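query19.pdb follows; it contains PDB, C-alpha atoms.
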ATOM      1  CA  GLY A   1     -85.223 -72.902   7.708
ATOM      2  CA  LYS A   2     -86.958 -76.088   6.488
ATOM      3  CA  ALA A   3     -87.638 -75.076   2.901
ATOM      4  CA  GLY A   4     -86.885 -78.055   0.699
ATOM      5  CA  ASP A   5     -87.532 -80.582   3.453
ATOM      6  CA  LYS A   6     -90.167 -82.898   1.973
ATOM      7  CA  ASN A   7     -91.520 -83.950   5.356
ATOM      8  CA  PHE A   8     -91.905 -80.328   6.383
ATOM      9  CA  GLU A   9     -93.641 -79.465   3.116
ATOM     10  CA  ALA A  10     -96.082 -82.340   3.550
ATOM     11  CA  SER A  11     -96.815 -81.300   7.124
ATOM     12  CA  ILE A  12     -97.629 -77.662   6.350
ATOM     13  CA  LEU A  13     -99.698 -78.330   3.230
ATOM     14  CA  PRO A  14    -102.995 -78.867   5.141
ATOM     15  CA  ASP A  15    -102.440 -75.584   6.965
ATOM     16  CA  LEU A  16    -101.741 -73.736   3.710
ATOM     17  CA  LYS A  17    -104.914 -75.116   2.158
ATOM     18  CA  TRP A  18    -106.866 -74.192   5.285
ATOM     19  CA  LEU A  19    -105.521 -70.632   5.213
ATOM     20  CA  LYS A  20    -106.146 -70.173   1.515
ATOM     21  CA  ASP A  21    -109.439 -71.935   0.927
ATOM     22  CA  THR A  22    -111.421 -71.784   4.166
ATOM     23  CA  ASN A  23    -113.925 -69.018   4.877
ATOM     24  CA  HIS A  24    -112.533 -67.145   7.857
ATOM     25  CA  ASP A  25    -113.953 -64.554  10.207
ATOM     26  CA  ALA A  26    -113.344 -61.045   8.837
ATOM     27  CA  ASP A  27    -111.383 -60.089  11.948
ATOM     28  CA  PHE A  28    -108.843 -62.776  11.115
ATOM     29  CA  ARG A  29    -107.532 -60.764   8.137
ATOM     30  CA  ARG A  30    -106.872 -63.887   6.091
ATOM     31  CA  GLY A  31    -105.566 -61.874   3.155
ATOM     32  CA  PHE A  32    -102.773 -60.318   5.158
ATOM     33  CA  ALA A  33    -101.857 -63.666   6.690
ATOM     34  CA  TRP A  34    -101.769 -65.312   3.259
ATOM     35  CA  ILE A  35     -99.460 -62.606   1.887
ATOM     36  CA  TYR A  36     -97.156 -62.907   4.893
ATOM     37  CA  VAL A  37     -96.903 -66.698   4.590
ATOM     38  CA  ASN A  38     -96.312 -66.533   0.839
ATOM     39  CA  ASP A  39     -93.607 -63.924   1.284
ATOM     40  CA  ALA A  40     -91.869 -66.047   3.924
ATOM     41  CA  LEU A  41     -91.999 -69.136   1.701
ATOM     42  CA  ALA A  42     -90.742 -67.183  -1.330
ATOM     43  CA  GLN A  43     -87.755 -65.894   0.634
ATOM     44  CA  LYS A  44     -86.911 -69.339   2.001
ATOM     45  CA  TYR A  45     -87.008 -71.005  -1.415
ATOM     46  CA  ALA A  46     -85.069 -68.155  -2.995
ATOM     47  CA  ALA A  47     -82.384 -68.629  -0.330
ATOM     48  CA  ILE A  48     -81.895 -72.256  -1.367
ATOM     49  CA  LYS A  49     -82.032 -71.264  -5.078
ATOM     50  CA  ASN A  50     -85.278 -73.084  -5.799
ATOM     51  CA  THR A  51     -86.415 -70.421  -8.269
ATOM     52  CA  ALA A  52     -89.527 -72.272  -9.377
ATOM     53  CA  LEU A  53     -91.068 -72.539  -5.922
ATOM     54  CA  ALA A  54     -89.843 -69.082  -4.951
ATOM     55  CA  THR A  55     -91.692 -67.680  -7.978
ATOM     56  CA  CYS A  56     -94.850 -69.624  -7.150
ATOM     57  CA  PHE A  57     -94.963 -68.021  -3.719
ATOM     58  CA  THR A  58     -93.927 -64.498  -4.712
ATOM     59  CA  PRO A  59     -96.929 -62.431  -3.520
ATOM     60  CA  ASP A  60     -96.106 -59.401  -5.667
ATOM     61  CA  LEU A  61     -95.574 -61.456  -8.813
ATOM     62  CA  ILE A  62     -98.529 -59.945 -10.664
ATOM     63  CA  ASN A  63     -97.602 -56.369  -9.787
ATOM     64  CA  ARG A  64     -93.984 -57.009 -10.734
ATOM     65  CA  PHE A  65     -94.957 -58.336 -14.144
ATOM     66  CA  LEU A  66     -97.403 -55.479 -14.648
ATOM     67  CA  GLU A  67     -94.420 -53.116 -14.563
ATOM     68  CA  ILE A  68     -93.970 -53.904 -18.248
ATOM     69  CA  GLY A  69     -96.822 -51.476 -18.771
ATOM     70  CA  PHE A  70     -94.644 -48.538 -17.868
ATOM     71  CA  SER A  71     -92.286 -46.565 -20.034
ATOM     72  CA  LYS A  72     -89.287 -47.603 -17.966
ATOM     73  CA  PRO A  73     -90.012 -51.196 -16.981
ATOM     74  CA  ASP A  74     -87.832 -52.879 -14.420
ATOM     75  CA  LYS A  75     -87.024 -55.778 -16.708
ATOM     76  CA  PRO A  76     -88.863 -58.307 -18.871
ATOM     77  CA  ILE A  77     -89.578 -61.835 -17.784
ATOM     78  CA  SER A  78     -86.207 -63.459 -18.338
ATOM     79  CA  ASP A  79     -85.632 -66.432 -20.599
ATOM     80  CA  SER A  80     -83.934 -68.208 -17.698
ATOM     81  CA  LEU A  81     -87.022 -67.822 -15.501
ATOM     82  CA  ILE A  82     -89.241 -69.171 -18.262
ATOM     83  CA  THR A  83     -86.934 -72.163 -18.733
ATOM     84  CA  THR A  84     -86.999 -72.823 -14.991
ATOM     85  CA  LEU A  85     -90.779 -72.644 -14.846
ATOM     86  CA  GLU A  86     -91.183 -74.746 -17.995
ATOM     87  CA  ASN A  87     -89.068 -77.471 -16.400
ATOM     88  CA  PHE A  88     -91.210 -77.210 -13.287
ATOM     89  CA  PHE A  89     -94.422 -77.464 -15.338
ATOM     90  CA  ASP A  90     -93.050 -80.564 -17.084
ATOM     91  CA  LYS A  91     -91.700 -82.236 -13.952
ATOM     92  CA  LYS A  92     -93.071 -85.734 -13.475
ATOM     93  CA  ASN A  93     -94.435 -86.974 -10.163
ATOM     94  CA  LYS A  94     -94.750 -83.602  -8.461
ATOM     95  CA  SER A  95     -95.402 -83.807  -4.760
ATOM     96  CA  ALA A  96     -98.739 -82.592  -3.425
ATOM     97  CA  PHE A  97     -96.925 -79.527  -2.079
ATOM     98  CA  GLU A  98     -95.408 -78.758  -5.489
ATOM     99  CA  GLN A  99     -98.790 -79.169  -7.176
ATOM    100  CA  PHE A 100    -100.292 -76.740  -4.675
ATOM    101  CA  ALA A 101     -97.464 -74.270  -5.281
ATOM    102  CA  MET A 102     -97.853 -74.437  -9.058
ATOM    103  CA  ALA A 103    -101.574 -73.727  -8.711
ATOM    104  CA  GLN A 104    -100.696 -70.335  -7.215
ATOM    105  CA  LEU A 105     -99.150 -69.157 -10.501
ATOM    106  CA  PRO A 106    -101.564 -66.867 -12.379
ATOM    107  CA  PHE A 107    -100.462 -68.011 -15.830
ATOM    108  CA  THR A 108     -99.777 -70.972 -18.046
ATOM    109  CA  GLU A 109     -96.677 -71.797 -20.042
ATOM    110  CA  ALA A 110     -98.192 -70.016 -23.043
ATOM    111  CA  GLY A 111     -98.912 -67.050 -20.796
ATOM    112  CA  LEU A 112     -95.220 -66.646 -20.031
ATOM    113  CA  TYR A 113     -94.364 -66.297 -23.706
ATOM    114  CA  LYS A 114     -97.311 -63.977 -24.168
ATOM    115  CA  MET A 115     -95.965 -61.716 -21.419
ATOM    116  CA  GLN A 116     -92.546 -61.641 -23.058
ATOM    117  CA  ALA A 117     -94.189 -60.774 -26.365
ATOM    118  CA  ILE A 118     -96.194 -57.966 -24.774
ATOM    119  CA  TYR A 119     -93.025 -56.542 -23.240
ATOM    120  CA  ALA A 120     -91.309 -56.571 -26.638
ATOM    121  CA  LEU A 121     -94.326 -55.183 -28.502
ATOM    122  CA  TYR A 122     -94.773 -52.216 -26.182
ATOM    123  CA  ASN A 123     -91.088 -51.475 -26.480
ATOM    124  CA  TYR A 124     -91.669 -51.454 -30.282
ATOM    125  CA  ASP A 125     -89.630 -54.592 -30.882
ATOM    126  CA  VAL A 126     -92.097 -56.307 -33.198
ATOM    127  CA  ASN A 127     -89.562 -58.907 -34.317
ATOM    128  CA  GLY A 128     -88.898 -59.873 -30.712
ATOM    129  CA  ALA A 129     -92.631 -60.076 -30.042
ATOM    130  CA  LEU A 130     -93.164 -62.425 -32.983
ATOM    131  CA  GLU A 131     -90.264 -64.610 -31.894
ATOM    132  CA  LYS A 132     -91.850 -65.111 -28.468
ATOM    133  CA  LEU A 133     -95.346 -65.789 -29.794
ATOM    134  CA  LYS A 134     -94.004 -68.486 -32.094
ATOM    135  CA  LEU A 135     -92.598 -70.428 -29.147
ATOM    136  CA  ASN A 136     -96.053 -71.609 -28.081
ATOM    137  CA  VAL A 137     -98.976 -72.247 -30.422
ATOM    138  CA  SER A 138    -101.454 -70.809 -27.903
ATOM    139  CA  ALA A 139     -99.526 -67.652 -27.023
ATOM    140  CA  GLY A 140    -100.740 -65.529 -29.931
ATOM    141  CA  ASN A 141    -104.158 -66.912 -30.781
ATOM    142  CA  ASP A 142    -106.219 -64.374 -28.791
ATOM    143  CA  SER A 143    -108.833 -62.640 -30.933
ATOM    144  CA  LEU A 144    -108.622 -58.939 -31.722
ATOM    145  CA  TYR A 145    -111.505 -56.504 -31.316
ATOM    146  CA  GLY A 146    -111.583 -54.417 -34.460
ATOM    147  CA  ASP A 147    -109.298 -54.096 -37.451
ATOM    148  CA  PRO A 148    -106.033 -52.767 -35.979
ATOM    149  CA  PHE A 149    -105.099 -51.061 -39.237
ATOM    150  CA  LEU A 150    -108.338 -49.081 -39.499
ATOM    151  CA  ILE A 151    -108.642 -45.514 -38.174
ATOM    152  CA  HIS A 152    -111.399 -42.904 -38.015
ATOM    153  CA  ILE A 153    -111.766 -39.248 -37.137
ATOM    154  CA  MET A 154    -113.557 -40.311 -33.969
ATOM    155  CA  ASP A 155    -112.249 -43.442 -32.258
ATOM    156  CA  ASN A 156    -115.014 -45.958 -31.647
ATOM    157  CA  HIS A 157    -113.878 -49.312 -30.290
ATOM    158  CA  ASP A 158    -117.321 -50.907 -30.167
ATOM    159  CA  SER A 159    -118.255 -49.990 -33.744
ATOM    160  CA  ASP A 160    -114.953 -51.302 -35.072
ATOM    161  CA  ALA A 161    -115.428 -54.561 -33.198
ATOM    162  CA  VAL A 162    -118.587 -55.467 -35.128
ATOM    163  CA  LEU A 163    -117.319 -54.533 -38.582
ATOM    164  CA  PRO A 164    -116.820 -57.537 -40.911
ATOM    165  CA  ASN A 165    -113.764 -58.326 -43.032
ATOM    166  CA  LYS A 166    -111.005 -57.548 -40.566
ATOM    167  CA  SER A 167    -107.547 -57.571 -42.138
ATOM    168  CA  VAL A 168    -106.148 -59.666 -39.275
ATOM    169  CA  HIS A 169    -107.933 -61.605 -36.548
ATOM    170  CA  THR A 170    -105.417 -62.662 -33.875
ATOM    171  CA  LYS A 171    -102.507 -61.217 -31.936
ATOM    172  CA  ILE A 172     -99.908 -63.161 -33.850
ATOM    173  CA  GLN A 173    -101.426 -62.150 -37.201
ATOM    174  CA  PHE A 174    -101.231 -58.515 -36.099
ATOM    175  CA  VAL A 175     -97.595 -58.864 -35.058
ATOM    176  CA  GLU A 176     -96.728 -60.655 -38.315
ATOM    177  CA  LYS A 177     -98.211 -57.765 -40.300
ATOM    178  CA  MET A 178     -96.385 -55.222 -38.150
ATOM    179  CA  VAL A 179     -93.103 -57.057 -38.760
ATOM    180  CA  GLU A 180     -93.753 -56.866 -42.504
ATOM    181  CA  LEU A 181     -94.566 -53.144 -42.382
ATOM    182  CA  GLN A 182     -91.714 -52.307 -40.024
ATOM    183  CA  LYS A 183     -89.270 -54.046 -42.323
ATOM    184  CA  LYS A 184     -90.470 -51.923 -45.238
ATOM    185  CA  ALA A 185     -90.114 -48.758 -43.171
ATOM    186  CA  ASP A 186     -86.659 -49.726 -41.921
ATOM    187  CA  HIS A 187     -85.559 -50.337 -45.508
ATOM    188  CA  GLY A 188     -86.700 -46.876 -46.593
ATOM    189  CA  SER A 189     -89.957 -47.629 -48.379
ATOM    190  CA  LYS A 190     -91.087 -44.845 -50.686
ATOM    191  CA  ASP A 191     -94.748 -45.831 -50.317
ATOM    192  CA  ALA A 192     -96.517 -43.471 -47.911
ATOM    193  CA  GLN A 193     -99.196 -46.108 -47.334
ATOM    194  CA  ASP A 194     -96.656 -48.432 -45.681
ATOM    195  CA  TYR A 195     -95.885 -45.826 -43.033
ATOM    196  CA  PHE A 196     -99.556 -44.936 -42.632
ATOM    197  CA  MET A 197    -100.556 -48.554 -41.996
ATOM    198  CA  LEU A 198     -97.652 -49.007 -39.597
ATOM    199  CA  ALA A 199     -98.719 -45.865 -37.745
ATOM    200  CA  ASN A 200    -102.314 -47.143 -37.577
ATOM    201  CA  GLY A 201    -101.075 -50.366 -36.004
ATOM    202  CA  TYR A 202     -99.076 -48.530 -33.353
ATOM    203  CA  TYR A 203    -101.970 -46.162 -32.691
ATOM    204  CA  ASN A 204    -104.540 -48.928 -32.317
ATOM    205  CA  MET A 205    -102.457 -50.950 -29.875
ATOM    206  CA  SER A 206    -102.365 -47.918 -27.577
ATOM    207  CA  TYR A 207    -104.934 -47.033 -24.943
ATOM    208  CA  PHE A 208    -106.590 -44.715 -27.466
ATOM    209  CA  GLY A 209    -106.933 -47.224 -30.302
ATOM    210  CA  ASN A 210    -109.342 -50.038 -31.071
ATOM    211  CA  ASN A 211    -107.205 -52.956 -29.850
ATOM    212  CA  ARG A 212    -106.312 -52.516 -26.223
ATOM    213  CA  VAL A 213    -106.667 -56.304 -26.139
ATOM    214  CA  LEU A 214    -103.094 -56.515 -27.457
ATOM    215  CA  PHE A 215    -101.901 -55.639 -23.950
ATOM    216  CA  GLU A 216    -104.225 -58.124 -22.300
ATOM    217  CA  SER A 217    -103.103 -61.317 -20.614
ATOM    218  CA  THR A 218    -104.053 -63.157 -17.468
ATOM    219  CA  ILE A 219    -101.894 -60.768 -15.454
ATOM    220  CA  SER A 220    -101.745 -57.574 -17.509
ATOM    221  CA  ARG A 221    -104.477 -55.261 -18.639
ATOM    222  CA  MET A 222    -104.997 -51.671 -19.630
ATOM    223  CA  TYR A 223    -106.518 -49.726 -16.782
ATOM    224  CA  ILE A 224    -108.979 -46.904 -17.393
ATOM    225  CA  TYR A 225    -107.445 -43.571 -16.508
ATOM    226  CA  GLU A 226    -109.237 -40.354 -15.683
ATOM    227  CA  PHE A 227    -107.292 -37.513 -17.250
ATOM    228  CA  ASP A 228    -107.481 -35.185 -14.292
ATOM    229  CA  ASP A 229    -105.115 -33.431 -11.918
ATOM    230  CA  THR A 230    -104.727 -36.550  -9.804
ATOM    231  CA  TYR A 231    -103.527 -38.608 -12.759
ATOM    232  CA  SER A 232    -101.025 -36.040 -14.051
ATOM    233  CA  GLU A 233     -99.718 -35.286 -10.579
ATOM    234  CA  ASN A 234     -99.256 -38.865  -9.424
ATOM    235  CA  ARG A 235     -98.155 -40.502 -12.670
ATOM    236  CA  ASN A 236     -95.305 -38.487 -14.100
ATOM    237  CA  THR A 237     -94.404 -41.421 -16.345
ATOM    238  CA  PRO A 238     -97.570 -42.773 -17.961
ATOM    239  CA  PRO A 239     -97.701 -46.450 -18.909
ATOM    240  CA  ALA A 240     -96.130 -47.336 -22.246
ATOM    241  CA  TYR A 241     -99.523 -48.194 -23.661
ATOM    242  CA  MET A 242    -100.567 -44.548 -23.253
ATOM    243  CA  SER A 243     -97.913 -43.379 -25.718
ATOM    244  CA  CYS A 244     -98.666 -42.500 -29.337
ATOM    245  CA  ALA A 245     -95.097 -41.349 -30.030
ATOM    246  CA  LYS A 246     -94.273 -44.168 -32.435
ATOM    247  CA  ALA A 247     -97.566 -43.706 -34.303
ATOM    248  CA  LEU A 248     -96.852 -39.966 -34.582
ATOM    249  CA  GLN A 249     -93.407 -40.693 -36.038
ATOM    250  CA  TYR A 250     -94.831 -42.777 -38.866
ATOM    251  CA  TYR A 251     -97.836 -40.533 -39.548
ATOM    252  CA  GLN A 252     -95.320 -37.725 -40.054
ATOM    253  CA  GLN A 253     -93.326 -39.845 -42.487
ATOM    254  CA  ALA A 254     -96.456 -40.857 -44.398
ATOM    255  CA  MET A 255     -97.557 -37.240 -44.671
ATOM    256  CA  ASN A 256     -94.120 -36.104 -45.857
ATOM    257  CA  LEU A 257     -93.891 -38.806 -48.537
ATOM    258  CA  SER A 258     -97.310 -38.249 -50.067
ATOM    259  CA  THR A 259     -98.301 -35.661 -52.656
ATOM    260  CA  ASN A 260    -102.040 -36.291 -52.270
ATOM    261  CA  ALA A 261    -103.662 -33.448 -50.319
ATOM    262  CA  GLU A 262    -106.558 -35.563 -49.002
ATOM    263  CA  PHE A 263    -104.211 -38.249 -47.721
ATOM    264  CA  LYS A 264    -101.849 -35.664 -46.225
ATOM    265  CA  ALA A 265    -104.806 -34.056 -44.433
ATOM    266  CA  LYS A 266    -105.725 -37.429 -42.930
ATOM    267  CA  CYS A 267    -102.137 -37.985 -41.769
ATOM    268  CA  CYS A 268    -102.034 -34.471 -40.348
ATOM    269  CA  PHE A 269    -105.203 -35.031 -38.331
ATOM    270  CA  MET A 270    -103.888 -38.328 -36.979
ATOM    271  CA  CYS A 271    -100.736 -36.464 -35.941
ATOM    272  CA  ALA A 272    -103.003 -33.998 -34.151
ATOM    273  CA  LYS A 273    -104.754 -36.849 -32.327
ATOM    274  CA  CYS A 274    -101.399 -38.240 -31.203
ATOM    275  CA  GLU A 275    -100.411 -34.765 -30.057
ATOM    276  CA  GLN A 276    -103.664 -34.346 -28.118
ATOM    277  CA  ASN A 277    -103.298 -37.763 -26.492
ATOM    278  CA  ASP A 278     -99.844 -36.813 -25.259
ATOM    279  CA  PHE A 279    -101.325 -33.630 -23.822
ATOM    280  CA  PHE A 280    -104.006 -35.623 -22.001
ATOM    281  CA  CYS A 281    -101.311 -37.800 -20.428
ATOM    282  CA  HIS A 282     -99.209 -34.845 -19.276
ATOM    283  CA  LYS A 283    -101.868 -32.216 -18.622
ATOM    284  CA  ALA A 284    -100.585 -29.534 -16.285
ATOM    285  CA  LYS A 285    -102.295 -29.463 -12.914
ATOM    286  CA  ASP A 286    -103.469 -25.891 -13.349
ATOM    287  CA  TYR A 287    -104.468 -26.147 -17.043
ATOM    288  CA  LYS A 288    -107.975 -24.943 -17.742
ATOM    289  CA  GLY A 289    -109.820 -26.406 -20.690
ATOM    290  CA  ASP A 290    -110.637 -29.718 -22.342
ATOM    291  CA  PHE A 291    -107.933 -29.673 -24.997
ATOM    292  CA  LYS A 292    -104.865 -27.794 -26.150
ATOM    293  CA  THR A 293    -104.104 -26.861 -29.729
ATOM    294  CA  GLY A 294    -100.698 -27.626 -31.118
ATOM    295  CA  THR A 295     -98.631 -27.975 -34.267
ATOM    296  CA  TYR A 296    -101.029 -30.160 -36.222
ATOM    297  CA  PHE A 297    -104.307 -28.358 -35.600
ATOM    298  CA  ALA A 298    -102.582 -25.261 -36.966
ATOM    299  CA  MET A 299    -101.122 -27.194 -39.919
ATOM    300  CA  LEU A 300    -104.449 -28.797 -40.780
ATOM    301  CA  LYS A 301    -106.121 -25.381 -40.900
ATOM    302  CA  SER A 302    -103.343 -23.560 -42.742
ATOM    303  CA  ASP A 303    -102.408 -26.236 -45.293
ATOM    304  CA  TYR A 304    -105.465 -28.444 -45.829
ATOM    305  CA  SER A 305    -108.572 -26.290 -45.353
ATOM    306  CA  LYS A 306    -109.460 -26.790 -49.037
ATOM    307  CA  THR A 307    -109.735 -30.579 -48.708
ATOM    308  CA  GLN A 308    -112.900 -32.629 -48.261
ATOM    309  CA  TYR A 309    -111.286 -34.376 -45.302
ATOM    310  CA  TYR A 310    -110.956 -31.020 -43.542
ATOM    311  CA  GLN A 311    -114.716 -30.547 -43.824
ATOM    312  CA  GLU A 312    -115.281 -34.029 -42.401
ATOM    313  CA  VAL A 313    -113.065 -33.205 -39.433
ATOM    314  CA  ILE A 314    -115.022 -29.988 -38.829
ATOM    315  CA  LYS A 315    -118.249 -32.015 -38.708
ATOM    316  CA  GLU A 316    -116.991 -34.806 -36.441
ATOM    317  CA  CYS A 317    -114.364 -33.294 -34.157
ATOM    318  CA  GLY A 318    -115.742 -30.754 -31.704
ATOM    319  CA  TYR A 319    -112.283 -29.759 -30.512
ATOM    320  CA  PHE A 320    -111.105 -28.899 -33.991
ATOM    321  CA  ASP A 321    -114.390 -27.186 -34.881
ATOM    322  CA  THR A 322    -113.957 -24.977 -31.816
ATOM    323  CA  TYR A 323    -110.359 -24.219 -32.760
ATOM    324  CA  ALA A 324    -111.207 -23.481 -36.405
ATOM    325  CA  HIS A 325    -113.973 -21.028 -35.460
ATOM    326  CA  ILE A 326    -111.910 -19.268 -32.812
ATOM    327  CA  THR A 327    -109.013 -18.774 -35.222
ATOM    328  CA  ARG A 328    -111.164 -17.796 -38.213
ATOM    329  CA  PRO A 329    -110.171 -14.361 -39.577
ATOM    330  CA  ARG A 330    -112.662 -11.622 -38.770
TER     331      ARG A 330
END
How does the structure come out when it is put into structure tokens?
Amino acid sequence: GKAGDKNFEASILPDLKWLKDTNHDADFRRGFAWIYVNDALAQKYAAIKNTALATCFTPDLINRFLEIGFSKPDKPISDSLITTLENFFDKKNKSAFEQFAMAQLPFTEAGLYKMQAIYALYNYDVNGALEKLKLNVSAGNDSLYGDPFLIHIMDNHDSDAVLPNKSVHTKIQFVEKMVELQKKADHGSKDAQDYFMLANGYYNMSYFGNNRVLFESTISRMYIYEFDDTYSENRNTPPAYMSCAKALQYYQQAMNLSTNAEFKAKCCFMCAKCEQNDFFCHKAKDYKGDFKTGTYFAMLKSDYSKTQYYQEVIKECGYFDTYAHITRPR
């Protein structure tokens, strides 16, 4: 019950440093002890409404923030928490105990805004994401991998990363462009290319695209998933970054607006990729096979088989080549 007592804090600091930084015998289970002590401190400081120190000692802080990766996140990092932590960062003459506590936080002030922006972005609130990134000059300056508005028949992150002349280079530049495109879409643009570029952006910020880095921060990252029975059985709600639903929506709109068969074929195939990705994420436990045909494989074959793009898909996409040959009239 001594949380907040400066003499008590000074007296336990050497023990905290010893527990955290000293090499201990494996039988001691230092990790478990450290978690227990942090949890106890977090609860004590929360009880006296010292939110800053309670947050510093919250042992599940990283996991709690990582929940933004899921389709139904608990809640974003609140503005009030950021204000509290900012004030703590800026506090003059911190005690040695407070300095130690602050060192336990896995992020900087810019990182807090970045996490808020990531939450907004993966909930498709591009305006909200831009607003957060603008609050700190360092929050949105991370470099991108490839051009986030470029797509191919076969996704290839590494090849895109080395291509010159990217349209945008940083996270904030990407979000600014998405805001511009989203505004055009929301205002009923009649240009199919606007919707196509918007769809490319949403596709490439997903797990399947060329810029997974958009989800990256010091405490959030895209994890590699094996699309097997274990994944589909244990993760009924895949992380938000696995979804291509928003990209599919705008590829459909681009395809419907255009009168150019080659462009429509490209949109149709991207719709098919989104459809396949959703299948991978929700693959039935007893499903046999590597892929599952759907609406857009059938549409591509029935409506666009006379296009050059169709022939390119046949050459590059083994799944579609298999489907096209199986369904070929005899």
Find the spatial neighbours of His157 (chain A), counting only C-alpha atoms, within a cut-off of 10 Å - ignore same-chain residues fewer than 4 positions away - and output them as an NGL selection string.
-> :A and (145-147 or 161-162 or 204 or 208-212)
Leaving out region 195-197 of chain A and any residue of its chain fewer than 6 positions from it, which residues lie within 6 Å of it when counting only C-alpha atoms, given as a ChimeraX atom specification?
-> /A:149,250-251,254
Evaluate the PyMOL selection byres ((chain A and resi 270) around 9) and report residues as an mmCIF file with C-alpha atoms, keeping the file's coordinate frame:
data_model
loop_
_atom_site.group_PDB
_atom_site.id
_atom_site.type_symbol
_atom_site.label_atom_id
_atom_site.label_comp_id
_atom_site.auth_asym_id
_atom_site.auth_seq_id
_atom_site.Cartn_x
_atom_site.Cartn_y
_atom_site.Cartn_z
ATOM 1 C CA ILE A 151 -108.642 -45.514 -38.174
ATOM 2 C CA HIS A 152 -111.399 -42.904 -38.015
ATOM 3 C CA ILE A 153 -111.766 -39.248 -37.137
ATOM 4 C CA ASN A 200 -102.314 -47.143 -37.577
ATOM 5 C CA ALA A 247 -97.566 -43.706 -34.303
ATOM 6 C CA LEU A 248 -96.852 -39.966 -34.582
ATOM 7 C CA TYR A 251 -97.836 -40.533 -39.548
ATOM 8 C CA ALA A 265 -104.806 -34.056 -44.433
ATOM 9 C CA LYS A 266 -105.725 -37.429 -42.930
ATOM 10 C CA CYS A 267 -102.137 -37.985 -41.769
ATOM 11 C CA CYS A 268 -102.034 -34.471 -40.348
ATOM 12 C CA PHE A 269 -105.203 -35.031 -38.331
ATOM 13 C CA CYS A 271 -100.736 -36.464 -35.941
ATOM 14 C CA ALA A 272 -103.003 -33.998 -34.151
ATOM 15 C CA LYS A 273 -104.754 -36.849 -32.327
ATOM 16 C CA CYS A 274 -101.399 -38.240 -31.203
ATOM 17 C CA GLU A 275 -100.411 -34.765 -30.057
ATOM 18 C CA TYR A 296 -101.029 -30.160 -36.222
#
Select, counting all atoms listed in the file, all protein, DNA and RNA residues no farther than 10 Å from (-90.9, -63.7, -28.3) in file coordinates, and express the selection as a list in words.
-> Asp79, Leu112, Tyr113, Lys114, Met115, Gln116, Ala117, Ile118, Tyr119, Ala120, Leu121, Asp125, Val126, Asn127, Gly128, Ala129, Leu130, Glu131, Lys132, Leu133, Lys134, Leu135, Asn136 and Ala139 of chain A
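For the atom pair formed by CA of Met205 (chain A) and CA of Pro148 (chain A), the distance is 7.3 Å, given to one decimal.
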Run the PyMOL selection byres ((chain A and resi 319) around 10) mentally over the shown coordinates, then write out the matched residues as an NGL selection string, using the chain letters and numbers from the document.
-> :A and (290-293 or 297 or 313-314 or 316-318 or 320-324)
Output the residue selection produced by the PyMOL selection byres ((chain A and resi 144) around 6) on the file above, formatted as an NGL selection string.
-> :A and (143 or 145 or 169-170)
May I ask which of the residues A:Gln252, A:Thr55, A:Gln308, A:Thr218 is the closest one to Leu198 (chain A), counting all atoms listed in the file?
-> A:Gln252
Near Ile82 (chain A), counting all atoms listed in the file, which residues have an atom at most 10 Å away, once you skip same-chain residues fewer than 2 positions from it, shown as a PyMOL selection string?
-> chain A and resi 52+77-80+84-88+109+112-113+116
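Proximity to Ser305 (chain A) was assessed for A:Ala261, A:Ala101, A:Leu41, A:Ala46 counting all atoms listed in the file; the smallest distance is recorded for A:Ala261.
From CA of Ala3 (chain A) back to CA of Asn50 (chain A), the distance works out to 9.2 Å.
For the set A:Ser138, A:Asp303, A:Thr295, A:Leu19, the residue with the smallest atom-to-atom gap to Gly31 (chain A) is A:Leu19, counting all atoms listed in the file.
If you count all atoms listed in the file and draw a sphere of 10 Å around (-92.8, -42.7, -51.7), the protein and nucleic acid residues inside it come out as Gly188, Ser189, Lys190, Asp191, Ala192, Gln193, Asp194, Tyr195, Gln253, Ala254, Asn256, Leu257, Ser258 and Thr259 of chain A.
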